[in-house]
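entry_0.txt (compact mmCIF, C-alpha atoms)
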```
# COMPACT_ATOMS: atom_id res chain seq x y z
CA MET G 18 -87.72 -112.84 -5.59
CA SER G 19 -88.22 -114.68 -8.88
CA PHE G 20 -89.34 -118.30 -9.01
CA LEU G 21 -85.93 -119.31 -10.36
CA LYS G 22 -83.93 -117.60 -7.64
CA ARG G 23 -86.24 -118.86 -4.91
CA MET G 24 -86.03 -122.44 -6.18
CA LYS G 25 -82.24 -122.33 -6.63
CA GLU G 26 -81.63 -121.02 -3.11
CA LYS G 27 -83.93 -123.66 -1.64
CA LEU G 28 -82.33 -126.52 -3.55
CA MET G 29 -78.69 -125.48 -3.37
CA GLY G 30 -78.76 -123.63 -0.05
CA ALA G 31 -78.33 -119.88 0.27
CA LYS G 32 -74.72 -118.78 0.34
CA PRO G 33 -73.68 -118.25 3.98
CA GLU G 34 -72.43 -114.79 4.93
CA GLU G 35 -68.93 -114.56 6.32
CA VAL G 36 -68.65 -113.08 9.81
CA GLU G 37 -66.77 -109.80 9.61
CA GLY G 38 -63.20 -109.98 10.83
CA GLN G 39 -62.97 -113.76 10.82
CA SER G 40 -60.47 -115.57 8.57
CA VAL G 41 -59.17 -119.08 8.30
CA GLU G 42 -56.09 -120.02 6.30
CA THR G 43 -56.76 -123.60 5.27
CA ILE G 44 -58.95 -126.66 5.75
CA ALA G 45 -58.39 -130.27 4.68
CA GLU G 46 -61.60 -132.23 4.67
CA LYS G 47 -62.31 -135.43 2.77
CA GLN G 48 -65.78 -136.96 2.88
CA VAL G 49 -66.27 -140.69 2.58
CA ASP G 50 -69.51 -141.88 0.98
CA ASP G 51 -70.89 -138.31 1.18
CA VAL G 52 -71.41 -138.55 4.96
CA VAL G 53 -69.21 -137.01 7.64
CA GLU G 54 -70.84 -136.27 10.94
CA PRO G 55 -70.04 -132.73 12.16
CA ALA G 56 -69.60 -134.05 15.71
CA GLU G 57 -66.57 -136.04 14.52
CA LEU G 58 -64.65 -132.96 13.39
CA GLU G 59 -62.63 -131.27 16.13
CA VAL G 60 -60.76 -128.11 15.27
CA ALA G 61 -58.25 -125.77 16.88
CA VAL G 62 -59.43 -122.21 16.32
CA GLN G 63 -58.65 -118.68 17.38
CA THR G 64 -62.07 -117.30 16.63
CA VAL G 65 -65.48 -118.50 15.40
CA VAL G 66 -65.38 -120.78 12.35
CA THR G 67 -67.96 -119.60 9.87
CA PRO G 68 -70.10 -121.79 7.55
CA GLU G 69 -68.60 -120.07 4.50
CA VAL G 70 -65.09 -121.05 5.55
CA VAL G 71 -66.13 -124.70 5.89
CA GLU G 72 -68.00 -124.69 2.57
CA GLU G 73 -65.42 -122.87 0.46
CA SER G 74 -62.42 -124.77 1.81
CA ILE G 75 -63.52 -128.37 1.22
CA ASP G 76 -60.95 -130.31 -0.79
CA SER G 77 -58.86 -127.12 -1.12
CA GLU G 78 -55.76 -127.59 -3.26
CA GLN G 79 -54.10 -124.96 -1.13
CA ALA G 80 -54.20 -127.13 2.00
CA PRO G 81 -50.70 -128.17 3.10
CA GLN G 82 -49.82 -131.78 2.33
CA GLU G 83 -49.04 -132.61 5.94
CA GLU G 84 -52.57 -131.63 6.96
CA LYS G 85 -54.14 -133.86 4.30
CA SER G 86 -52.31 -136.87 5.64
CA GLN G 87 -53.67 -136.53 9.15
CA SER G 88 -56.12 -139.17 10.30
CA LYS G 89 -58.66 -136.57 11.46
CA GLU G 90 -59.59 -133.42 9.55
CA GLU G 91 -58.29 -130.30 11.27
CA ILE G 92 -58.61 -126.62 10.63
CA VAL G 93 -55.40 -124.67 11.15
CA VAL G 94 -55.73 -121.02 12.05
CA GLU G 95 -53.07 -118.34 12.23
CA GLU G 96 -51.90 -117.82 15.81
CA SER G 97 -54.34 -120.50 16.91
CA THR G 98 -54.90 -121.19 20.56
CA THR G 99 -55.40 -124.56 22.19
CA GLU G 100 -59.13 -124.09 22.60
CA VAL G 101 -61.06 -126.97 21.02
CA VAL G 102 -64.59 -126.59 19.74
CA LYS G 103 -66.96 -128.53 17.54
CA VAL G 104 -67.70 -127.45 13.98
CA GLU G 105 -71.33 -126.33 13.85
CA GLU G 106 -73.58 -127.37 11.00
CA PRO G 107 -74.23 -124.39 8.68
CA GLN G 108 -77.81 -123.23 8.97
CA GLU G 109 -78.24 -122.87 5.22
CA GLU G 110 -76.65 -126.20 4.36
CA LYS G 111 -78.52 -128.26 6.94
CA LYS G 112 -78.21 -131.92 6.12
CA SER G 113 -81.03 -134.38 5.80
CA LYS G 114 -81.52 -137.06 8.42
CA TRP G 115 -79.41 -139.35 6.21
CA GLY G 116 -76.49 -136.90 6.21
CA PHE G 117 -76.78 -135.40 2.72
CA SER G 118 -76.65 -131.65 2.17
CA ALA G 119 -79.25 -129.86 0.04
CA PHE G 120 -76.60 -129.25 -2.59
CA SER G 121 -75.49 -132.90 -2.87
CA ILE G 122 -79.09 -134.16 -3.13
CA THR G 123 -79.90 -131.61 -5.83
CA GLU G 124 -76.78 -132.64 -7.74
CA LYS G 125 -77.93 -136.28 -7.59
CA PHE G 126 -81.22 -135.32 -9.24
CA LYS G 127 -79.37 -133.24 -11.83
CA ALA G 128 -76.99 -136.11 -12.68
CA GLY G 129 -79.73 -138.76 -12.58
CA LEU G 130 -81.92 -136.88 -15.06
CA GLU G 131 -79.08 -136.14 -17.48
CA LYS G 132 -80.38 -138.44 -20.23
CA THR G 133 -83.86 -136.95 -20.08
CA ARG G 134 -82.44 -133.43 -19.96
CA ASP G 135 -80.09 -134.03 -22.90
CA SER G 136 -82.97 -135.36 -24.99
CA PHE G 137 -85.93 -133.28 -23.89
CA THR G 138 -84.31 -129.97 -23.01
CA SER G 139 -82.19 -129.89 -26.17
CA LYS G 140 -85.37 -130.23 -28.21
CA VAL G 141 -87.03 -127.46 -26.21
CA ASN G 142 -83.98 -125.26 -26.79
CA ASP G 143 -84.17 -125.96 -30.53
CA LEU G 144 -87.85 -125.08 -30.45
CA VAL G 145 -87.15 -121.81 -28.65
CA ALA G 146 -84.43 -120.98 -31.18
CA ARG G 147 -86.79 -121.56 -34.12
CA TYR G 148 -89.70 -119.63 -32.62
CA ARG G 149 -88.81 -116.13 -31.51
CA THR G 150 -92.40 -115.40 -30.54
CA VAL G 151 -94.90 -117.40 -28.49
CA ASP G 152 -97.75 -118.38 -30.78
CA GLU G 153 -100.08 -121.32 -31.30
CA ASP G 154 -97.62 -123.16 -33.53
CA PHE G 155 -95.05 -122.94 -30.75
CA PHE G 156 -97.52 -124.37 -28.23
CA GLU G 157 -98.43 -127.27 -30.53
CA GLU G 158 -94.80 -128.30 -31.04
CA LEU G 159 -94.09 -127.95 -27.30
CA GLU G 160 -97.08 -130.18 -26.62
CA ASP G 161 -95.63 -132.88 -28.90
CA LEU G 162 -92.25 -132.69 -27.15
CA LEU G 163 -93.85 -133.14 -23.72
CA LEU G 164 -95.82 -136.15 -24.92
CA GLN G 165 -92.65 -137.70 -26.35
CA ALA G 166 -91.03 -137.34 -22.91
CA ASP G 167 -93.87 -139.47 -21.48
CA VAL G 168 -95.20 -136.62 -19.36
CA GLY G 169 -98.68 -138.01 -20.01
CA PHE G 170 -101.66 -136.72 -21.96
CA GLU G 171 -103.64 -135.37 -19.00
CA THR G 172 -100.62 -133.61 -17.53
CA VAL G 173 -99.64 -132.10 -20.87
CA MET G 174 -103.13 -130.75 -21.49
CA GLU G 175 -103.27 -129.18 -18.03
CA LEU G 176 -99.79 -127.72 -18.48
CA MET G 177 -100.61 -126.21 -21.88
CA ASP G 178 -103.73 -124.55 -20.47
CA LYS G 179 -101.69 -123.04 -17.64
CA LEU G 180 -98.96 -121.88 -20.01
CA ARG G 181 -101.41 -120.20 -22.37
CA PHE G 182 -103.06 -118.42 -19.45
CA GLU G 183 -99.73 -117.28 -18.00
CA VAL G 184 -98.43 -116.06 -21.36
CA GLN G 185 -101.61 -114.05 -21.85
CA ARG G 186 -101.61 -112.71 -18.29
CA GLN G 187 -98.00 -111.52 -18.47
CA ASN G 188 -98.35 -110.48 -22.13
CA ILE G 189 -95.29 -112.57 -23.00
CA LYS G 190 -94.20 -112.32 -26.62
CA ASP G 191 -90.63 -113.66 -26.55
CA THR G 192 -89.86 -117.37 -26.15
CA SER G 193 -86.68 -116.69 -24.18
CA GLY G 194 -87.13 -117.77 -20.59
CA ILE G 195 -90.10 -120.00 -21.37
CA GLN G 196 -88.36 -122.90 -19.58
CA SER G 197 -88.72 -121.19 -16.21
CA ILE G 198 -92.46 -120.75 -16.75
CA ILE G 199 -92.78 -124.42 -17.77
CA SER G 200 -90.84 -125.42 -14.65
CA GLU G 201 -93.00 -123.31 -12.36
CA LYS G 202 -96.23 -124.71 -13.80
CA LEU G 203 -95.01 -128.32 -13.61
CA VAL G 204 -94.23 -127.83 -9.91
CA GLU G 205 -97.70 -126.32 -9.39
CA ILE G 206 -99.43 -129.20 -11.20
CA TYR G 207 -97.62 -131.90 -9.24
CA GLU G 208 -97.94 -130.27 -5.84
CA SER G 209 -101.58 -129.25 -6.32
CA SER G 210 -102.59 -132.93 -6.43
CA ASP G 211 -100.09 -134.04 -3.83
CA ASP G 212 -102.56 -134.60 -1.00
CA GLU G 213 -100.53 -137.42 0.50
CA SER G 214 -97.14 -137.24 2.15
CA ILE G 215 -94.09 -138.76 0.50
CA GLU G 216 -92.75 -139.62 3.96
CA LEU G 217 -92.78 -143.29 4.88
CA ASN G 218 -95.45 -144.25 7.40
CA ILE G 219 -92.99 -145.32 10.12
CA GLN G 220 -94.62 -146.39 13.39
CA ASP G 221 -92.93 -144.92 16.46
CA GLY G 222 -92.11 -147.58 19.03
CA GLU G 223 -93.77 -150.35 17.01
CA LEU G 224 -92.84 -152.68 14.19
CA THR G 225 -93.35 -151.06 10.78
CA VAL G 226 -94.08 -153.44 7.90
CA ILE G 227 -93.26 -152.32 4.35
CA LEU G 228 -94.49 -154.57 1.55
CA PHE G 229 -92.77 -154.29 -1.85
CA VAL G 230 -94.67 -155.30 -5.00
CA GLY G 231 -93.83 -155.10 -8.69
CA VAL G 232 -93.06 -157.27 -11.70
CA ASN G 233 -89.81 -159.14 -12.16
CA GLY G 234 -86.89 -157.17 -13.53
CA VAL G 235 -87.81 -153.70 -12.29
CA GLY G 236 -85.09 -153.62 -9.63
CA LYS G 237 -87.34 -154.45 -6.71
CA THR G 238 -84.82 -156.49 -4.71
CA THR G 239 -82.05 -153.97 -5.28
CA THR G 240 -84.35 -151.16 -4.15
CA ILE G 241 -85.22 -153.11 -0.99
CA GLY G 242 -81.52 -153.37 -0.18
CA LYS G 243 -80.96 -149.66 -0.75
CA LEU G 244 -83.97 -148.71 1.36
CA ALA G 245 -82.74 -150.98 4.15
CA HIS G 246 -79.43 -149.14 3.99
CA ARG G 247 -81.16 -145.75 4.26
CA LEU G 248 -83.26 -146.82 7.23
CA LYS G 249 -80.25 -148.34 8.96
CA GLN G 250 -78.34 -145.08 8.44
CA GLU G 251 -81.24 -143.38 10.17
CA GLY G 252 -80.71 -145.64 13.17
CA LYS G 253 -83.49 -148.13 12.52
CA SER G 254 -83.18 -151.85 13.13
CA VAL G 255 -84.21 -153.55 9.87
CA ILE G 256 -85.08 -157.13 8.90
CA LEU G 257 -85.79 -158.38 5.36
CA ALA G 258 -88.29 -161.08 4.38
CA ALA G 259 -87.52 -163.12 1.24
CA GLY G 260 -91.08 -163.55 0.03
CA ASP G 261 -90.22 -163.99 -3.66
CA THR G 262 -89.86 -167.75 -3.36
CA PHE G 263 -90.56 -168.66 -6.99
CA ARG G 264 -88.04 -166.68 -9.06
CA ALA G 265 -84.75 -168.53 -9.36
CA GLY G 266 -82.06 -166.78 -7.38
CA ALA G 267 -84.39 -164.21 -5.78
CA ILE G 268 -83.74 -165.46 -2.24
CA ASP G 269 -79.97 -165.53 -2.78
CA GLN G 270 -80.05 -162.05 -4.30
CA LEU G 271 -81.85 -160.64 -1.26
CA GLN G 272 -79.40 -162.44 1.03
CA VAL G 273 -76.49 -160.79 -0.79
CA TRP G 274 -78.05 -157.40 -0.14
CA GLY G 275 -78.72 -158.33 3.48
CA ASP G 276 -75.06 -159.22 3.96
CA ARG G 277 -73.94 -156.06 2.20
CA VAL G 278 -76.14 -153.79 4.28
CA GLY G 279 -75.68 -155.77 7.49
CA VAL G 280 -79.28 -156.78 8.16
CA GLU G 281 -80.88 -160.16 8.81
CA VAL G 282 -82.85 -161.93 6.09
CA ILE G 283 -85.68 -164.31 7.02
CA LYS G 284 -86.11 -166.96 4.34
CA GLN G 285 -87.29 -170.47 3.57
CA ALA G 286 -86.50 -172.92 0.79
CA GLU G 287 -87.22 -171.99 -2.82
CA GLY G 288 -90.83 -172.72 -3.73
CA SER G 289 -92.14 -172.22 -0.19
CA ASP G 290 -95.40 -170.48 0.56
CA PRO G 291 -94.70 -166.68 0.59
CA ALA G 292 -97.32 -166.17 3.30
CA ALA G 293 -95.48 -168.63 5.56
CA VAL G 294 -92.28 -166.65 5.05
CA MET G 295 -94.07 -163.47 6.10
CA TYR G 296 -95.44 -165.17 9.20
CA ASP G 297 -91.95 -166.32 10.23
CA ALA G 298 -90.48 -162.89 9.45
CA ILE G 299 -93.03 -161.04 11.58
CA ARG G 300 -92.43 -163.36 14.52
CA ALA G 301 -88.66 -162.97 14.15
CA ALA G 302 -88.93 -159.17 13.86
CA LYS G 303 -91.03 -159.00 17.01
CA ASN G 304 -88.71 -161.28 18.98
CA ARG G 305 -85.65 -159.26 17.95
CA GLY G 306 -87.32 -155.91 18.63
CA ALA G 307 -86.82 -154.72 15.04
CA ASP G 308 -88.12 -151.33 13.94
CA VAL G 309 -88.83 -152.11 10.29
CA LEU G 310 -89.63 -155.29 8.36
CA ILE G 311 -89.28 -154.97 4.57
CA CYS G 312 -90.99 -157.76 2.63
CA ASP G 313 -90.10 -158.85 -0.90
CA THR G 314 -92.82 -160.49 -3.02
CA ALA G 315 -93.13 -162.39 -6.30
CA GLY G 316 -93.68 -160.44 -9.51
CA ARG G 317 -94.92 -162.86 -12.17
CA LEU G 318 -97.34 -160.57 -13.97
CA GLN G 319 -97.84 -163.13 -16.75
CA ASN G 320 -99.64 -165.24 -14.14
CA LYS G 321 -101.71 -162.25 -13.11
CA VAL G 322 -104.52 -164.06 -11.30
CA ASN G 323 -102.21 -166.31 -9.29
CA LEU G 324 -99.89 -163.41 -8.46
CA MET G 325 -102.68 -161.20 -7.17
CA ASN G 326 -104.12 -164.06 -5.13
CA GLU G 327 -100.70 -164.58 -3.54
CA LEU G 328 -100.42 -160.90 -2.72
CA GLU G 329 -103.87 -160.88 -1.14
CA LYS G 330 -102.93 -163.90 1.00
CA VAL G 331 -99.67 -162.27 2.09
CA HIS G 332 -101.60 -159.11 2.97
CA ARG G 333 -104.09 -161.10 5.08
CA VAL G 334 -101.35 -162.86 7.04
CA ILE G 335 -99.53 -159.61 7.77
CA SER G 336 -102.68 -157.76 8.87
CA ARG G 337 -103.73 -160.70 11.06
CA GLU G 338 -100.43 -160.63 12.93
CA ILE G 339 -100.16 -156.82 13.08
CA PRO G 340 -103.36 -154.74 12.90
CA ASN G 341 -103.25 -151.95 10.27
CA ALA G 342 -100.22 -153.56 8.64
CA PRO G 343 -98.67 -153.43 6.12
CA HIS G 344 -98.11 -149.77 6.85
CA GLU G 345 -96.71 -149.16 3.36
CA VAL G 346 -97.26 -150.99 0.09
CA LEU G 347 -94.58 -149.69 -2.26
CA LEU G 348 -94.82 -150.45 -5.97
CA ALA G 349 -91.47 -150.62 -7.78
CA LEU G 350 -91.63 -149.46 -11.40
CA ASP G 351 -88.90 -149.33 -14.03
CA ALA G 352 -88.75 -145.79 -15.46
CA THR G 353 -87.13 -147.04 -18.66
CA THR G 354 -90.35 -148.84 -19.66
CA GLY G 355 -92.21 -145.54 -20.04
CA GLN G 356 -95.93 -145.96 -20.57
CA ASN G 357 -95.70 -149.67 -19.71
CA ALA G 358 -94.85 -148.60 -16.16
CA LEU G 359 -98.13 -146.70 -16.09
CA VAL G 360 -100.02 -149.84 -17.15
CA GLN G 361 -98.28 -151.89 -14.44
CA ALA G 362 -99.10 -149.25 -11.85
CA GLN G 363 -102.78 -149.38 -12.79
CA THR G 364 -102.78 -153.19 -12.58
CA PHE G 365 -101.27 -153.31 -9.10
CA LYS G 366 -103.42 -150.41 -7.91
CA ASP G 367 -106.53 -152.36 -8.87
CA ALA G 368 -105.36 -155.43 -6.94
CA THR G 369 -103.56 -154.00 -3.92
CA ASN G 370 -103.69 -150.93 -1.74
CA VAL G 371 -100.57 -149.26 -3.16
CA THR G 372 -99.53 -146.37 -0.90
CA GLY G 373 -96.51 -145.18 -2.83
CA ILE G 374 -94.33 -145.73 -5.88
CA VAL G 375 -90.58 -146.25 -6.14
CA LEU G 376 -89.45 -145.35 -9.64
CA THR G 377 -86.23 -147.19 -10.41
CA LYS G 378 -83.61 -146.56 -13.13
CA LEU G 379 -84.65 -142.95 -13.69
CA ASP G 380 -81.04 -142.24 -14.63
CA GLY G 381 -81.26 -144.77 -17.47
CA THR G 382 -84.13 -143.25 -19.46
CA ALA G 383 -84.60 -140.26 -21.73
CA LYS G 384 -88.31 -140.24 -20.86
CA GLY G 385 -88.18 -139.14 -17.23
CA GLY G 386 -91.48 -137.32 -17.63
CA ILE G 387 -93.21 -140.56 -16.64
CA VAL G 388 -92.97 -139.38 -13.01
CA LEU G 389 -95.53 -136.66 -13.70
CA ALA G 390 -97.78 -138.97 -15.71
CA ILE G 391 -97.95 -141.57 -12.92
CA ARG G 392 -98.71 -139.06 -10.19
CA ASN G 393 -101.25 -137.06 -12.14
CA LYS G 394 -103.13 -140.03 -13.58
CA LEU G 395 -103.09 -142.49 -10.68
CA HIS G 396 -102.89 -140.06 -7.73
CA ILE G 397 -100.30 -142.24 -6.00
CA PRO G 398 -97.31 -140.37 -4.56
CA VAL G 399 -93.87 -141.18 -5.94
CA LYS G 400 -91.95 -141.65 -2.69
CA PHE G 401 -88.50 -142.64 -3.96
CA VAL G 402 -86.59 -142.50 -7.23
CA GLY G 403 -83.50 -144.44 -8.30
CA LEU G 404 -80.87 -142.04 -9.63
CA GLY G 405 -77.90 -144.37 -10.06
CA GLU G 406 -76.16 -147.58 -9.07
CA LYS G 407 -74.62 -146.46 -5.78
CA MET G 408 -76.07 -147.39 -2.40
CA ASP G 409 -77.16 -143.81 -1.68
CA ASP G 410 -78.62 -143.13 -5.13
CA LEU G 411 -82.12 -144.07 -3.93
CA GLN G 412 -83.51 -140.66 -2.98
CA PRO G 413 -86.86 -139.41 -1.63
CA PHE G 414 -88.73 -137.78 -4.49
CA ASP G 415 -88.71 -133.99 -4.48
CA THR G 416 -90.82 -132.12 -7.05
CA GLU G 417 -88.65 -129.03 -7.31
CA ARG G 418 -85.40 -130.99 -7.52
CA TYR G 419 -86.96 -133.18 -10.18
CA VAL G 420 -88.12 -130.23 -12.28
CA TYR G 421 -84.78 -128.50 -11.82
CA GLY G 422 -83.08 -131.71 -13.01
CA LEU G 423 -85.16 -131.56 -16.20
CA PHE G 424 -84.21 -127.97 -17.05
CA ALA G 425 -81.02 -127.39 -15.04
CA ASP G 426 -78.81 -125.97 -17.79
CA ALA G 427 -81.42 -123.61 -19.24
CA LEU G 428 -82.57 -122.48 -15.78
CA ASP G 429 -79.01 -121.76 -14.66
CA GLN G 430 -78.42 -119.66 -17.78
CA GLN G 431 -81.64 -117.72 -17.31
CA LEU G 432 -80.93 -117.08 -13.62
CA ALA G 433 -77.46 -115.80 -14.52
CA LYS G 434 -79.05 -113.36 -17.00
CA GLU G 435 -81.54 -112.17 -14.37
CA GLU G 436 -78.77 -111.56 -11.84
CA GLU G 437 -76.70 -109.71 -14.45
CA LEU G 438 -79.64 -107.43 -15.29
CA ASN G 439 -80.26 -106.74 -11.60
CA GLU G 440 -76.66 -105.70 -11.14
CA GLN G 441 -76.83 -103.17 -13.95
```

Please lay out the structure from this file as structure tokens.
Amino acid sequence: MSFLKRMKEKLMGAKPEEVEGQSVETIAEKQVDDVVEPAELEVAVQTVVTPEVVEESIDSEQAPQEEKSQSKEEIVVEESTTEVVKVEEPQEEKKSKWGFSAFSITEKFKAGLEKTRDSFTSKVNDLVARYRTVDEDFFEELEDLLLQADVGFETVMELMDKLRFEVQRQNIKDTSGIQSIISEKLVEIYESSDDESIELNIQDGELTVILFVGVNGVGKTTTIGKLAHRLKQEGKSVILAAGDTFRAGAIDQLQVWGDRVGVEVIKQAEGSDPAAVMYDAIRAAKNRGADVLICDTAGRLQNKVNLMNELEKVHRVISREIPNAPHEVLLALDATTGQNALVQAQTFKDATNVTGIVLTKLDGTAKGGIVLAIRNKLHIPVKFVGLGEKMDDLQPFDTERYVYGLFADALDQQLAKEEELNEQ
């Protein structure tokens, strides 16, 4: 199986096979906020309901109007009996622990990287159109395009070496299909250095403390709110600590998110000592039996020395109250700032023990290659990326989905050509 086909089936889910002899006439299913628990759907059936029937019938225009108006989604089968069973989750479209299918998550990456894809991929396509053969001139122009997308110098050099080797090994002369080779090598480069898990270090049966750092304006508070929502959807009890006590409106902004998500916010008056807020928040989280405490911090990089001293003090207070805490130090970076984000990451890495990066506003930049530059240069895993404004648009970073989002249109076209040739 080719790299393209293997990646597409993994990201989109392999098409389920219909059980022979089974048929269903109609289904009316409407998802709210992308999440509908299978256990909530009860159906009257004559025979087994197959995954393909569920997948292909969602939002069907052929569903009778009277079925769409029902309060609960029902599947109506010809000559149905009164037997009631639960709809089983399709094996191939198994949802994540937050309720999203592989397909919907992949589509979020594809939509979130649209600006980068429209800019970068269109230039690659123009390059491929101008160069019918793979030669050194082609490689030099491709190198410039990758650098313009903020992929990073070290990453680009490693990628070009791998591409040259692969072209020589396979004796590739034609530039058609070069995008799939680029995609494969980018995945290899990222995953080869990915020696740390992107999973959050959640402590089972104990309070987990997550410390957020980052400069003002990167979307740190918004990201905290979205992460709290994700953890709450997972069944965790979450408390927020308003440790950014110096920025005007920061406490109120976090409180708005707390109210929206439905979690408690521990705060003090504006201008209070951030370390004192953390102390109160830890005590409150312990007393309430919370699972996760997410702590906001100040981000005044222009006062670098004072800021880093504050962060060190906050870290000391947290670790004194809970050994080995904070369990995660997540650095929020604005993807739209490009190489400036890399500079910020280096600054915070030097001052704090950053365990992961949350790259915000990835949907708002045409230079989404910064993800690769950060990981390859700083060796800090990108754990989450912001792909939009909605509550569920904060997604765990996935290398293959990211690379597919960069080249989606070209990869889909190439895969279609491969399948057409195989059928001949």

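Atom CA of Lys190 of chain G lies 25.1 Å from atom CA of Arg134 of chain G.
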
Between atom CA of Val375 of chain G and atom CA of Ile199 of chain G, distance in Å (one decimal): 24.8 Å

Separation of atom CA of Leu423 of chain G from atom CA of Asp191 of chain G, in Å and rounded to one decimal: 21.4 Å

Nearest residue to Gly275 of chain G from the set G:Asp297, G:Thr238, G:Leu164, G:Pro291 (distances using only C-alpha atoms):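 Ranked by minimum distance to Gly275 of chain G, first place goes to G:Thr238.
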
Nearest to Asp313 of chain G, chosen from G:Val371, G:Leu411, G:Leu328, G:Leu176, with all atoms listed in the file counted in the distances: G:Leu328

Contact residues around Ile268 of chain G with all atoms listed in the file at 8 Å, ignoring same-chain residues under 6 positions, as a ChimeraX atom specification: /G:259-262,284,287

Nearest-residue call for Gln196 of chain G, choices G:Gln220, G:Asn233, G:Gln430, G:Gln165, using only C-alpha atoms: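 Checking each candidate against Gln196 of chain G, we get G:Gln430 as the closest.
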
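Minimum atom-to-atom distance to Thr123 of chain G, evaluated using all atoms listed in the file, belongs to G:Val420 out of G:Ile195, G:Leu389, G:Ala433, G:Val420.
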
Take every atom of segment 397-414 of chain G listed in the file, pad by 5 Å on each side, and give me the axis-aligned box centre and edge lengths in Å, one decimal, as JSON.
```
{"center_x": -87.5, "center_y": -142.7, "center_z": -5.8, "size_x": 35.7, "size_y": 19.8, "size_z": 18.4}
```

Within 9 Å of file point (-89.9, -118.7, -28.7), counting only C-alpha atoms, expressed as a PyMOL selection string: chain G and resi 144-152+155+190-195

Distance query 6 Å from (-87.0, -138.3, -23.8) using only C-alpha atoms, result as a list of chain:residue names: G:Thr133, G:Ser136, G:Phe137, G:Ala166, G:Ala383, G:Lys384

Nearest to Leu203 of chain G, chosen from G:Phe126, G:Phe182, G:Phe120, G:Tyr421, with all atoms listed in the file counted in the distances: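 Distance minimum relative to Leu203 of chain G lands on G:Tyr421.
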
Among listed residues G:Met295, G:Val232, G:Leu248, G:Cys312, nearest Phe365 of chain G (using all atoms listed in the file):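 Looking at the shortest contact to Phe365 of chain G, the residue is G:Val232.
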
Test item: residues at most 6 Å from Ile387 of chain G, only C-alpha atoms, excluding those fewer than 2 positions along its chain, as a PyMOL selection string: chain G and resi 167-168+385+389-390

Selection near Gly231 of chain G, 8 Å with all atoms listed in the file, sequence-local residues under 4 positions removed, as a VMD selection string: chain G and resid 235 237 314 to 316 348 to 350 361 365
